[in-house]
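A short write-up of the structure that comes next.
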Amino acid sequence: MAASNPSVFLLSVNGQIEGADFPSYDNLYCKYCYVYGQDWIPTTGLEEGITQITCKGSQASHKLIWNFPLDVTFKSTNPSGWPQLVVSVYGPDVFGNDVVRGYGATHIPITPGQHTRTMAMFVPEPTWRLQKFTSWLMGRRPEYTDPKVVAQGEGREVTRVCSQGFVTVCFSIMMKDLKKLGYDSGPANPQSHAASSWSTEDQSNF
Amino acid sequence: MASPSDIREKLRKKRRAFQETLVPTKHDDEQALVASASVSEEAPPATMEQEPQSSHEDPAETLRRSLKAQRQMRKKKLLEESPALRSPAEGVEDISKVAEDEGSTKRTAAGSLTGPKSRGPHQFERFVTRRLEEKLRAARSQGQSLQLQELGEVAVSRLQSLRDRHTLTRFHSEDQDGTFQVPQDISTRVTFQDAARLVGERERPTTVEAYNFFTSNFDPEPEERSESTSKTSVQKKSAESCDDSREEAEEGGEEEHEEHNEEAPLMQDEDGNVFVIQQTSKDFLETTKAEYIGLRALALRRGGLLYTPSSQRVPTSVKLPENVTPRYLEEEGFYVGQRPPVTSTNENILENRMLKMEEGLKWFGDDGRIIALPDPIKESSSRPPLFHVEEDLDPALQTVFKKPMKCGHTHQAYIAGAADCEGDYQLDVDVSGLIFSHHPLFSREHVQGARLAQLYDQYLDRQRNKLAEHLTDKLNGLRNTMRNMLEIHSEQSLSPAMQQRIVEYGVEIKNTRQLRDSEQEKDRALLKSLVKVWKEIKSLREFQKFTNTPYKLCLRRENVDRLTDEQEYEKEVLAEVWELEAEEDVDYQRKLAEYKKQLDQWKTWRRKQKSQKKQKKMKKKKKGQPQEETEEDENDPDANESDGAVDDGPPKPEPPEKLDFDAIEQQVREKASRIRRKPGEAILIPEMSASGKISAADLCPKGEMARREDVAKRCVFIKVLYNDKEVSQTNSRTLNSDFKVHFGQIFNLKIVNCPKSITLQVFEEVASSCSLLAQVYVPVPGSSVVAGSAPMEEFEFSSKQRVMFDHEGVGSDVPLSFVADGSNRVVLLTSGKVSCCVSWGVGEDDLPLAPPVSQILGSVLGGHPEAAAHIGPSGLADMKKIGEWAAQSRLDPNDPRNTSIMQLLKVASSGEVTAADYFRLEQLQEEFNFVSDEDLDRSRRFRLLVLRSQEVPEFRNYKCVPAQEREVTDKVFKEYEKRLKDGEIIDTKEHLDSHRALVAKYLQKIREAVIHRFLLAKHHYLLSDLVVEEEMPSIGGAHLLRGPDRHLRVESERLDYHELWSQWPVKVNDRAEIKNRLTILGLNLFHLAEPKRPLKPQRKERKKVTAQNLSDGDIKLLVNILRAYDIPVRRPPSSKAAQTSQGGMQAGDWLLGQVQVRPFVEVSFQRNVLQTTTADGPNPCWNEELQLPFSAPNGDYSIASLQSLKDEVFINVFDEVLHEIGVTDEEKGKSVHTRLEKHWLGSVKIPFSTIYSQCRIDGTFKVNTPAVLLGYSKERSHGNNGAYDNLRSLCEGAFITLFITIEPQLLPGESIREKLDSQEDEGLLQASERFERLAASEFPGRVCTTTVIDLNGKTVFISRYLRPLNPPQELLDAFPDNPAAAAAQVARFVSLIPSLPDRVSFAAICDLWSTCDQFLTLLAGDEEEHAVLLCNYFLFLGKKAWLIIGNAIPEGCSAYVLTQEESVYYMWNPSSGHYYGQYDTFCPLQAVGCLVSAGNVWLNIQEQVSPMRINFDVSRSHCWKPFFTGSFPHSSLTSVQPEQLVYRRSDRTTAVELQDRIERTLRDKIMSWRPHRPTRWNRHCTTALKHFLPSLELGGGGGRDAGEGHRHELQSMLGDNRISGFPLNMPFSEMAPIVEAVYSTGVHTTHSPNVEFALAVYVHPYPNNVLSVWVYLASLVRP
């Protein structure tokens, strides 16, 4: 290995999808996947996954906890197209149909260290009211053709969305050779969100 | 109406005459008195006097007067009774006193009579007593408070005046028509009159009445005024009356007269009447009958109200204020524009009217004319003249209809190219600062300081130039040269040339010396004045005890060596003296010479005189003393002086004066002391600095402090105006004590308009108000003046504003003196200099962002048509020509229209553009550059990234661009560069000839363009692209749509083919649709309860997926193979040989009538092959679904790339033949080895692009069976069910029912129908749009095309494509007497032109139609082109032919050709050459949308669309709706087709060449497809096959019988070999499709070990390079 003269850099992502805050929904699960540019290749780890279904606890807390681990390593030659984590949350509606409860995306932090990200989730809105009713009745809400749409900016102007809730993810980032290739991603700030504020206890700062 | 002055004059004369008769002695005094009296005072007495005379002249007048007099008598009575007359009485009293005094003095002076005097006191007495009475009465009234009393006084006076007013109106009316008019404000009048009456009756008002009276509402304002006026008028009157009375006294007039006299002014003067006169009841209320006012009276009355201005010319004097002489600006050199033309009558009327108006004079200018702006109308029209003679109009000038185009800026002032952002021009205006050389807020010291600074600047300038020194040096040099010259040549005699030179030098020296002296003088004067001003400043500072300016002048002494200095000085003086002497000497010499000459002349003359005298003497003396004469002669010079004067000859010249050298020296020394510093005196070098301290504000006196505060309050800013539009302004900066303002701002003006003017406006801001100080015009820079190189320039400005201050500020335009006695005044105007720089910006590429010069000039002169007309537009760019022209035409420099030219000329003549003599690096740009551009261009990695982001096909999906530059190899680009390079090179290897290659290239290019457009379109998203949503109108309606379908089934019950029409396009009623939609919801809910797996599932509409987010493996091609009909069956082993070859099993089968064929279907797509199970019999039913994976090229699943995919789906029908190899193992009993062999029976190929665009292919297709199928025959001959047979007889060949679709359903590219350019008539286009819209709304799903797009992208009406065109003559010659055969031949020719679906070849978004010649040139086109060509051929052949636009399978929207032959209609498939009868069930044409002929388009308005069920008679109006009707007639549309098609002869040699090549290629391919087995070729067979092929071609696609013949022939030749084989026929386009077709037959897959192959290729050439390719392929298996 020509370690001194690297041709790729590695980005190791560890972390977990901690949980979500959807005030009015319960029994949710989520899917995740990564969106990355053409110059990125996942080397190890799961590229997509699906969590268990979780329901709210009986306590006062309304948090939905998944604590679903993420572990993936990318290699790349080009920081353009930095990977994004795309999360979509699903859950049953009143009729028991599985419907989408939210889409969200966030970039993998670009600095090494521990980070916590809270993603705001949203779903596309039906085009007209009657459709809203029928989609509710039929349990076929509008969905994105591909959850990856939320990680790209193109074509979003044609959609209308409705915000739903939040999903919190924490990342531990490690990098290799990024600096050697001449990219400086800035100082690592491990202190910034080192301690996750996330817990099952109800906290007001969420 | 005579003017009053005339009357006055007349009266005066009369009176004078009168007076003269009366008092001749007092003549002078009277005159004076009269003259002194004012005009108004004079008039009434005049009338008075006139009265007696005029009475008999005008009886009406006298009558009126007497009436008036009576009334006034009555009034007078009332007046005397009235108590309310105090105040006027007082007024009259007072004033009359004064008047009396005046009058008395005059009168005493005149020594006049005392009559009036005695009368005056009498009147006074009356007034006084009356007043006293009234006072007594007032005292008596108890209820009145003091206040009220006072009020009363006022009010009464008011009352009077009011009454006065009313009476006034009454008087007027009475005067005019002699009748009473009821005034409009009766009510107020009534109250007044009531009150007055009360007063009159009771003499004393009660308190209540008084209160009511006083509190009633009167207008206070006008009363006050009228009161005062009345007073003044009373004054006047009293004075008049005095006069009058006096005159009367003189006349000795009677009492009555006098009475009348007193009243007269009241009548005459409008304001005069102060009495209440309408006291009689008659006055208060009057009832009169309606009165007729005569026309004349009316006119008279109107005359008073209306004013008719006369059209007489108004004299200038009237229009100007008095004593003003008209001033003509033009004469003073100001520019006066041309006045707009107005007729003099109108102007006169206007002037008259204005003069009548108040302040009418303000409308007139100084020249006494109405002020008018210059005529705004251009003299010459800017538009070229129109020619009215239509027939003579030059065709080049013919008006042409042009469609409106969108155009950014058409105004000519815009710079070309600036509108579209490519040419952006930038003007940098750098406003660096401002220095006031005078400002109103300058203190005296500042003024001096400014002077000092100015002088010092001058001094520095002079110092820098060192003119004096230069001249001194030059002088010295000249002197030296002169001296040298003289020294060297002193010995020899000087040559004339040398002398000449010396003289020249002398002159030069003289001139130089004079110049030097003047310069030195100036220097010295400057120095002196500097010192003087400085001294003044110092004294001023001392005087005012503070300093305001930091200026300090130091005189540095530079001591000199006194001795040398003196020497030099002396030397200089001496040199000068010497020179002067020399000059004088020369002068003297010259004069002397002249003198001598003159003297000589004089002498000769003298001598002559003498001789004459002598002769006289001689005569006298008779030649006595000759010697004396000679003596006399000698003495002549002495004597001649005395004599010369006597005679009339030339005077004796004076000898020039001797030079006075002392005087010269004296002069020189004087001058030297004046202009030069004294020897030994120190050189004074003034040095000015601004280092002095300005006294603090608290040390200054009050005035100065105020000034400084004022200064601090002021701000200055500069507005930048471009073409008189404000574009920007600087920050406002406060004024410093030194009156210098620094802005240092650069404005970058991005300009679109041509620069005409750049103006800087200097504004001064005090508190919140700002005022314009001055404007500075900055010339537009030449295009070579660019930012960075242009020097700062200073532009002076000054303002005429007059400013004065009460503090120390000196003000502006105010005389100012620095001397104590106030003399020597100067007037200083605010002035200063703006330092700025205007230049063109520099673009990124170091190009100046300046528009081309000609444009600037052109625009500058654009407003000057004369200039352009005179020197021509080309001359506009030539500065010299403009200058000449301007000089010639004597342009008015003051005309604002000419300013641009003047400015231009000024700039051109004075400011030569300074070229940059240094180079400045764009250091900032350097800083920002990441790497240099060259590095960036060289970087391979960067290039790769750029290409990828540009979505260049090779790199569109390039993964992992290397991180390092060195890792990017050039290999990456190889392919791309090769492609780029290949763009020009034509690859003939793959193609038949260069022509085909060219066409291929062309198509490739079009394809690329289309792909590019799609790539762009890919970035436009629709909601459906992003969001999946349950569609509201859903599949629920499918049931209803099936209705007619069932109906059909009943009808064609006998046919088992009803599945064919499962997708019958049906006209859906709008109502039905609405019903559908309403039922959807319910149906959808109903669906919830539906069984999950219904027994008869129906095809559901699936969701469409856009190709955005797909990847390999996501897409599958679903091929549902249902059944087939009429599969050829194996041939019965009719002969023995055959029996042996096919084995006993077949024979047994045949005998049993069982298996004749075991067909299965193999689907191959993208080299993936799947097959169905094997079925039995000629009409098998598989009902199987095959899933074929689909992968897009390069993993690019964009719509564009999918659409341009050229892959085809091959559906091949094979016969599975089981061969018994024989018994292999004899020991273990019988074990039979069999081998499966598949024999190709036919194929259907469907291009992927069709599937993609149609979403699904559903129907029954004709299987392309080879013309000859060795070993097989049609099963038909064995069937014997009659009616069934009849139908079938119409359609030969095998059929297969298929359903093909893509999973998931891909969204086909939307055909975006853009509105394209067209050369069609607008009305036609609109009509066609209407027609299509109607078709779409009334018959949805029915194809209706009226306009198509040609290859140039222009919209063309469809019927223009149809025109009889000649087919190749060869084809016609082939069957001269068989029209049907000829038609078939023609159709075959057309079908042999390779077909390329539009969506592949041309833009998918719009169906491009090429004309027939284009089509034949390209040799590629889709159904439409084929159909058009075929239709045109048929028209040529004399058939009745139409173009059918409709739906067909599998093509979708397609075009067929309809022909009519004796009431039988045939439909021709142009791409296959087959024709179908109208009732042919297997006709691929499914729906007819419209018919097109050369003259019209008919829309199918019948209920049905199937060709079987419609009537093709276009004359029936209820079946076909024509486009051109009676109301919209066919406007003879010319065809876009050529008149005649020219064909190239069929080329045999190329065909043979191609034949060889194809054969070779196929051979190689087959061998390569069988890598593990040897491929043997049977030569015998090959030659035999080769022999067959031409006959097949000639047979027009081959008959059945040929097959038999072949088989027999082969059989006989090859004996017992098992032969299976077939000929393939296809049009030639490229090599690849042939290879593909051969591959798909699977001949090579034979596993038989001892197989041999035979391959024969035949290419039949048709004209114009249309080639028919035959490939005969056979496999021979030796048993």
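Identifiers in the structure tokens: chain A, B, ... in order shown; residue index from 1 per chain; ligand index from 1 in order shown.
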### Task
For chain A, list the residues within 10 Å of chain B, counting only C-alpha atoms, and write the list as a PyMOL selection string.
chain A and resi 5-9+37-41+75-79+123-128+130-132+134-135+137-150+154-160+181-182
### Task
Would you please extract all strand (DSSP E or B) residues from segment 416-481 of chain B, as assigned by DSSP on the backbone, and give them as a PyMOL selection string?
chain B and resi 425-438
### Message
Quick check, in Å to one decimal: how far apart do atom CA of Lys1262 of chain B and atom CA of Val1659 of chain B lie?
### Response
24.9 Å
### Query
Do you know which residues are at most 10 Å from Cys554 of chain B counting only C-alpha atoms, after dropping those on the same chain fewer than 2 positions away, and could you put them as a ChimeraX atom specification?
/B:531,534,551-552,556-557,684-689
#### Entry: Shell around Val1669 of chain B at 8 Å using only C-alpha atoms, local window under 6 positions removed, as a PyMOL selection string
chain B and resi 1624-1628+1657-1660
Could you please take those selected residues and save N, CA and C atoms as a tab-separated table (two decimals), in the first residue's frame?
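Okay, this is what ended up in selection-v8.tsv:
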chain	number	residue	atom	x	y	z
B	1624	LEU	N	-33.63	-15.52	-46.63
B	1624	LEU	CA	-34.05	-14.31	-45.91
B	1624	LEU	C	-33.96	-13.15	-46.88
B	1625	ASN	N	-34.92	-12.29	-46.76
B	1625	ASN	CA	-34.88	-11.12	-47.63
B	1625	ASN	C	-35.08	-9.87	-46.78
B	1626	MET	N	-34.27	-8.87	-47.03
B	1626	MET	CA	-34.43	-7.62	-46.27
B	1626	MET	C	-33.82	-6.46	-47.06
B	1627	PRO	N	-34.28	-5.30	-46.77
B	1627	PRO	CA	-33.64	-4.14	-47.39
B	1627	PRO	C	-32.29	-3.91	-46.76
B	1628	PHE	N	-31.44	-3.32	-47.54
B	1628	PHE	CA	-30.11	-3.11	-46.97
B	1628	PHE	C	-30.00	-1.71	-46.38
B	1657	VAL	N	-25.52	-15.44	-50.77
B	1657	VAL	CA	-26.00	-14.07	-50.63
B	1657	VAL	C	-26.21	-13.49	-52.00
B	1658	TYR	N	-27.31	-12.81	-52.13
B	1658	TYR	CA	-27.55	-12.14	-53.40
B	1658	TYR	C	-28.07	-10.73	-53.11
B	1659	VAL	N	-27.47	-9.81	-53.78
B	1659	VAL	CA	-27.92	-8.43	-53.61
B	1659	VAL	C	-28.48	-7.96	-54.93
B	1660	HIS	N	-29.75	-7.60	-54.88
B	1660	HIS	CA	-30.35	-7.10	-56.12
B	1660	HIS	C	-30.42	-5.59	-56.08
### Task
Once DSSP has gone over the backbone, tell me which residues of chain A are in alpha helix (DSSP H), as a ChimeraX atom specification.
/A:129-138
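Here atom CA of Val447 of chain B is placed at a distance of 8.3 Å from atom CA of Val810 of chain B.
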### Query
What lies within 7 Å of Gly49 of chain A using only C-alpha atoms, ignoring chain neighbours under 2 positions off, as number ranges by chain?
A: 31-33, 46-47, 51
### Task
Could you check how far atom CA of Glu576 of chain B sits from atom CA of Thr512 of chain B, in Å to one decimal?
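These atoms are spaced 11.7 Å apart.
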### Task
Name the residues in contact with Gln164 of chain A at a cut-off of 9 Å, using only C-alpha atoms, excluding same-chain residues fewer than 6 positions from it; report them as JSON, numbers by chain.
{"A": [21, 22, 23, 24, 101, 102, 103, 120, 121, 122, 123]}
### Non-local contacts of Leu85 of chain A (7 Å; only C-alpha atoms; under 4 positions in same chain excluded) as JSON, numbers by chain
{"A": [32, 33, 34, 35, 105, 106, 107, 108]}
Writer output for current selection, N, CA and C atoms, as a PDB file, in the first residue's frame:
ATOM      1  N   TYR A  32     -33.283   3.395   5.760  1.00  0.00           N
ATOM      2  CA  TYR A  32     -32.271   4.383   5.422  1.00  0.00           C
ATOM      3  C   TYR A  32     -31.465   3.907   4.228  1.00  0.00           C
ATOM      4  N   CYS A  33     -30.884   4.836   3.566  1.00  0.00           N
ATOM      5  CA  CYS A  33     -29.960   4.523   2.483  1.00  0.00           C
ATOM      6  C   CYS A  33     -29.015   5.705   2.320  1.00  0.00           C
ATOM      7  N   TYR A  34     -28.016   5.518   1.538  1.00  0.00           N
ATOM      8  CA  TYR A  34     -27.059   6.599   1.315  1.00  0.00           C
ATOM      9  C   TYR A  34     -27.153   7.057  -0.130  1.00  0.00           C
ATOM     10  N   VAL A  35     -26.944   8.322  -0.284  1.00  0.00           N
ATOM     11  CA  VAL A  35     -26.862   8.884  -1.633  1.00  0.00           C
ATOM     12  C   VAL A  35     -25.493   9.520  -1.755  1.00  0.00           C
ATOM     13  N   ALA A 105     -33.125  13.921   4.953  1.00  0.00           N
ATOM     14  CA  ALA A 105     -31.767  13.622   4.514  1.00  0.00           C
ATOM     15  C   ALA A 105     -30.795  14.534   5.232  1.00  0.00           C
ATOM     16  N   THR A 106     -29.624  14.042   5.428  1.00  0.00           N
ATOM     17  CA  THR A 106     -28.567  14.884   5.981  1.00  0.00           C
ATOM     18  C   THR A 106     -27.233  14.425   5.430  1.00  0.00           C
ATOM     19  N   HIS A 107     -26.343  15.366   5.275  1.00  0.00           N
ATOM     20  CA  HIS A 107     -25.001  14.992   4.853  1.00  0.00           C
ATOM     21  C   HIS A 107     -24.282  14.305   5.991  1.00  0.00           C
ATOM     22  N   ILE A 108     -23.473  13.358   5.649  1.00  0.00           N
ATOM     23  CA  ILE A 108     -22.561  12.783   6.632  1.00  0.00           C
ATOM     24  C   ILE A 108     -21.638  13.924   7.057  1.00  0.00           C
TER      25      ILE A 108
END
### Message
Nearest residue to Pro1368 of chain B out of B:Ala1382, B:Val1497, B:Leu945, B:Ala767, using only C-alpha atoms?
### Response
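Checking each candidate against Pro1368 of chain B, we get B:Ala1382 as the closest.
Remark: for Lys179 of chain A, the closest of the candidate residues A:Pro69, A:Gly15, A:Pro112, A:Gly91 is A:Pro112 (distances computed over only C-alpha atoms).
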